[in-house]
Amino acid sequence: INQDHTIVPGPPTSVSFANPARTVEAGFCSERLELLVGDAFGNPVPPVTDATLSIAASDGITQFFSDSSCSTDIGTSLTLSSTLNSAVFY
């Protein structure tokens with residue numbers, strides 16, 4: 001017997017990093033960092049509405065950027081779009 005199933009993700013319950021921790025030498029741009037939004041079972045799911053996260057580094061001087069050349073500073077906030085299940089920064 002074959003039976004088709006449709007899996008529907010639950011509401012968003014977590015935000016996590018998709019990549020391992022990064023160590024970057026001062027003055028250089030990091031590799032891409034990606035935050036993922038997920039449901040209670042780890043399925044990717046977009047936020048219900050756009051969500052703004054406050055981001056900071058423990059050293060208090062690290063900067064965050066929206067582009068891989070590290071020329072567009074995003075300050076200390078990152079927006080998770082309700083149309084995507086992830087956000088990227090550098």
# chains A, B, ... in the order shown; residues from 1 in each chain; ligands from 1
call {"tool": "closest_atom_pairs", "arguments": {"of": "segment 33-83 of chain A", "to": "segment 10-14 of chain A", "cutoff": "12 Å", "atoms": "only C-alpha atoms", "output": "JSON lines"}}
result
{"residue": "A:Leu35", "atom": "CA", "partner": "A:Ser14", "partner_atom": "CA", "distance": 10.0}
{"residue": "A:Leu36", "atom": "CA", "partner": "A:Ser14", "partner_atom": "CA", "distance": 8.1}
{"residue": "A:Val37", "atom": "CA", "partner": "A:Ser14", "partner_atom": "CA", "distance": 5.7}
{"residue": "A:Gly38", "atom": "CA", "partner": "A:Ser14", "partner_atom": "CA", "distance": 5.3}
{"residue": "A:Asp39", "atom": "CA", "partner": "A:Pro12", "partner_atom": "CA", "distance": 4.5}
{"residue": "A:Ala40", "atom": "CA", "partner": "A:Thr13", "partner_atom": "CA", "distance": 5.8}
{"residue": "A:Phe41", "atom": "CA", "partner": "A:Gly10", "partner_atom": "CA", "distance": 8.1}
{"residue": "A:Gly42", "atom": "CA", "partner": "A:Ser14", "partner_atom": "CA", "distance": 8.2}
{"residue": "A:Asn43", "atom": "CA", "partner": "A:Gly10", "partner_atom": "CA", "distance": 8.0}
{"residue": "A:Pro44", "atom": "CA", "partner": "A:Pro12", "partner_atom": "CA", "distance": 8.3}
{"residue": "A:Val45", "atom": "CA", "partner": "A:Pro12", "partner_atom": "CA", "distance": 6.1}
{"residue": "A:Pro46", "atom": "CA", "partner": "A:Pro12", "partner_atom": "CA", "distance": 6.9}
{"residue": "A:Pro47", "atom": "CA", "partner": "A:Pro12", "partner_atom": "CA", "distance": 5.9}
{"residue": "A:Val48", "atom": "CA", "partner": "A:Pro12", "partner_atom": "CA", "distance": 7.5}
{"residue": "A:Thr49", "atom": "CA", "partner": "A:Pro12", "partner_atom": "CA", "distance": 10.5}
{"residue": "A:Ala51", "atom": "CA", "partner": "A:Pro12", "partner_atom": "CA", "distance": 11.4}
{"residue": "A:Leu80", "atom": "CA", "partner": "A:Pro12", "partner_atom": "CA", "distance": 11.8}
{"residue": "A:Ser82", "atom": "CA", "partner": "A:Pro12", "partner_atom": "CA", "distance": 10.7}
call {"tool": "write_last_selection", "arguments": {"atoms": "N, CA and C atoms", "output": "compact mmCIF listing (two decimals), in the first residue's frame"}}
result
# COMPACT_ATOMS: atom_id res chain seq x y z
N LEU A 35 21.50 32.49 9.82
CA LEU A 35 20.59 32.14 10.90
C LEU A 35 19.37 31.46 10.29
N LEU A 36 18.95 30.35 10.90
CA LEU A 36 17.79 29.60 10.43
C LEU A 36 16.66 29.69 11.45
N VAL A 37 15.44 29.80 10.95
CA VAL A 37 14.25 29.77 11.80
C VAL A 37 13.66 28.37 11.65
N GLY A 38 13.28 27.76 12.78
CA GLY A 38 12.73 26.41 12.71
C GLY A 38 11.57 26.20 13.65
N ASP A 39 10.84 25.12 13.41
CA ASP A 39 9.75 24.75 14.32
C ASP A 39 10.29 23.84 15.42
N ALA A 40 9.44 23.34 16.27
CA ALA A 40 9.87 22.52 17.41
C ALA A 40 10.56 21.22 16.99
N PHE A 41 10.39 20.80 15.75
CA PHE A 41 11.00 19.56 15.27
C PHE A 41 12.21 19.81 14.37
N GLY A 42 12.62 21.08 14.25
CA GLY A 42 13.78 21.41 13.44
C GLY A 42 13.49 21.64 11.97
N ASN A 43 12.22 21.62 11.59
CA ASN A 43 11.87 21.90 10.20
C ASN A 43 12.03 23.39 9.92
N PRO A 44 12.58 23.76 8.76
CA PRO A 44 12.70 25.17 8.43
C PRO A 44 11.32 25.79 8.22
N VAL A 45 11.13 26.97 8.79
CA VAL A 45 9.85 27.66 8.68
C VAL A 45 10.10 29.17 8.79
N PRO A 46 9.43 29.98 7.97
CA PRO A 46 9.63 31.43 8.08
C PRO A 46 8.90 31.98 9.31
N PRO A 47 9.35 33.12 9.82
CA PRO A 47 8.62 33.76 10.91
C PRO A 47 7.22 34.15 10.45
N VAL A 48 6.30 34.28 11.37
CA VAL A 48 4.93 34.66 11.04
C VAL A 48 4.89 36.08 10.46
N THR A 49 5.69 36.97 11.02
CA THR A 49 5.84 38.34 10.51
C THR A 49 7.34 38.63 10.45
N ALA A 51 10.74 39.83 11.54
CA ALA A 51 11.26 39.92 12.91
C ALA A 51 12.64 40.54 12.89
N LEU A 80 14.73 39.18 9.98
CA LEU A 80 14.31 37.89 9.44
C LEU A 80 13.00 38.13 8.71
N SER A 82 9.49 37.47 6.74
CA SER A 82 8.40 36.49 6.85
C SER A 82 8.26 35.65 5.58
call {"tool": "closest_residue", "arguments": {"among": "A:Tyr90, A:Ser81, A:Ser69, A:Gly27", "to": "Ile55 of chain A", "atoms": "only C-alpha atoms"}}
result
A:Tyr90
call {"tool": "decode", "arguments": {"residues": "segment 54-65 of chain A", "atoms": "all heavy atoms", "output": "JSON list (two decimals), in the first residue's frame"}}
result
[["chain", "number", "residue", "atom", "x", "y", "z"],
["A", 54, "SER", "N", 18.33, 41.58, 17.64],
["A", 54, "SER", "CA", 19.51, 42.34, 18.06],
["A", 54, "SER", "C", 20.69, 41.39, 18.04],
["A", 54, "SER", "O", 20.60, 40.27, 18.55],
["A", 54, "SER", "CB", 19.31, 42.88, 19.47],
["A", 54, "SER", "OG", 18.29, 43.85, 19.48],
["A", 55, "ILE", "N", 21.79, 41.82, 17.43],
["A", 55, "ILE", "CA", 22.99, 40.98, 17.36],
["A", 55, "ILE", "C", 24.16, 41.75, 17.97],
["A", 55, "ILE", "O", 24.23, 42.97, 17.88],
["A", 55, "ILE", "CB", 23.30, 40.54, 15.92],
["A", 55, "ILE", "CG1", 23.42, 41.75, 14.97],
["A", 55, "ILE", "CG2", 22.24, 39.57, 15.42],
["A", 55, "ILE", "CD1", 23.81, 41.40, 13.55],
["A", 56, "ALA", "N", 25.04, 41.02, 18.60],
["A", 56, "ALA", "CA", 26.21, 41.63, 19.23],
["A", 56, "ALA", "C", 27.29, 40.57, 19.39],
["A", 56, "ALA", "O", 27.00, 39.38, 19.47],
["A", 56, "ALA", "CB", 25.86, 42.20, 20.59],
["A", 57, "ALA", "N", 28.53, 41.01, 19.44],
["A", 57, "ALA", "CA", 29.65, 40.12, 19.70],
["A", 57, "ALA", "C", 30.15, 40.37, 21.11],
["A", 57, "ALA", "O", 30.00, 41.48, 21.65],
["A", 57, "ALA", "CB", 30.77, 40.39, 18.69],
["A", 58, "SER", "N", 30.72, 39.38, 21.72],
["A", 58, "SER", "CA", 31.17, 39.49, 23.11],
["A", 58, "SER", "C", 32.27, 40.53, 23.29],
["A", 58, "SER", "O", 32.44, 41.07, 24.38],
["A", 58, "SER", "CB", 31.63, 38.14, 23.64],
["A", 58, "SER", "OG", 32.69, 37.63, 22.84],
["A", 59, "ASP", "N", 33.02, 40.84, 22.21],
["A", 59, "ASP", "CA", 34.10, 41.83, 22.34],
["A", 59, "ASP", "C", 33.60, 43.27, 22.29],
["A", 59, "ASP", "O", 34.31, 44.20, 22.62],
["A", 59, "ASP", "CB", 35.19, 41.61, 21.30],
["A", 59, "ASP", "CG", 34.73, 41.85, 19.87],
["A", 59, "ASP", "OD1", 33.60, 42.34, 19.65],
["A", 59, "ASP", "OD2", 35.50, 41.54, 18.95],
["A", 60, "GLY", "N", 32.36, 43.47, 21.85],
["A", 60, "GLY", "CA", 31.78, 44.80, 21.82],
["A", 60, "GLY", "C", 32.25, 45.69, 20.68],
["A", 60, "GLY", "O", 31.78, 46.81, 20.56],
["A", 61, "ILE", "N", 33.17, 45.23, 19.85],
["A", 61, "ILE", "CA", 33.67, 46.07, 18.76],
["A", 61, "ILE", "C", 33.50, 45.44, 17.37],
["A", 61, "ILE", "O", 33.70, 46.10, 16.37],
["A", 61, "ILE", "CB", 35.16, 46.46, 18.96],
["A", 61, "ILE", "CG1", 36.03, 45.21, 19.07],
["A", 61, "ILE", "CG2", 35.33, 47.35, 20.16],
["A", 61, "ILE", "CD1", 37.52, 45.49, 19.08],
["A", 62, "THR", "N", 33.10, 44.19, 17.32],
["A", 62, "THR", "CA", 32.89, 43.51, 16.04],
["A", 62, "THR", "C", 31.76, 44.18, 15.28],
["A", 62, "THR", "O", 30.75, 44.55, 15.87],
["A", 62, "THR", "CB", 32.56, 42.02, 16.28],
["A", 62, "THR", "OG1", 33.69, 41.40, 16.89],
["A", 62, "THR", "CG2", 32.24, 41.31, 14.99],
["A", 63, "GLN", "N", 31.93, 44.34, 13.98],
["A", 63, "GLN", "CA", 30.90, 44.91, 13.13],
["A", 63, "GLN", "C", 30.25, 43.80, 12.31],
["A", 63, "GLN", "O", 30.87, 42.78, 12.02],
["A", 63, "GLN", "CB", 31.50, 45.95, 12.18],
["A", 63, "GLN", "CG", 32.02, 47.18, 12.88],
["A", 63, "GLN", "CD", 32.67, 48.11, 11.88],
["A", 63, "GLN", "OE1", 33.82, 47.91, 11.50],
["A", 63, "GLN", "NE2", 31.93, 49.12, 11.45],
["A", 64, "PHE", "N", 28.99, 44.04, 11.90],
["A", 64, "PHE", "CA", 28.24, 43.08, 11.10],
["A", 64, "PHE", "C", 27.84, 43.75, 9.79],
["A", 64, "PHE", "O", 27.51, 44.93, 9.75],
["A", 64, "PHE", "CB", 27.00, 42.60, 11.86],
["A", 64, "PHE", "CG", 27.34, 41.94, 13.15],
["A", 64, "PHE", "CD1", 27.23, 42.63, 14.35],
["A", 64, "PHE", "CD2", 27.77, 40.63, 13.18],
["A", 64, "PHE", "CE1", 27.55, 42.03, 15.55],
["A", 64, "PHE", "CE2", 28.10, 40.02, 14.38],
["A", 64, "PHE", "CZ", 27.99, 40.71, 15.57],
["A", 65, "PHE", "N", 27.88, 42.96, 8.69],
["A", 65, "PHE", "CA", 27.65, 43.50, 7.36],
["A", 65, "PHE", "C", 26.64, 42.64, 6.60],
["A", 65, "PHE", "O", 26.47, 41.46, 6.87],
["A", 65, "PHE", "CB", 28.97, 43.54, 6.58],
["A", 65, "PHE", "CG", 30.01, 44.40, 7.23],
["A", 65, "PHE", "CD1", 30.90, 43.87, 8.15],
["A", 65, "PHE", "CD2", 30.09, 45.75, 6.93],
["A", 65, "PHE", "CE1", 31.85, 44.67, 8.77],
["A", 65, "PHE", "CE2", 31.03, 46.56, 7.54],
["A", 65, "PHE", "CZ", 31.91, 46.02, 8.46]]
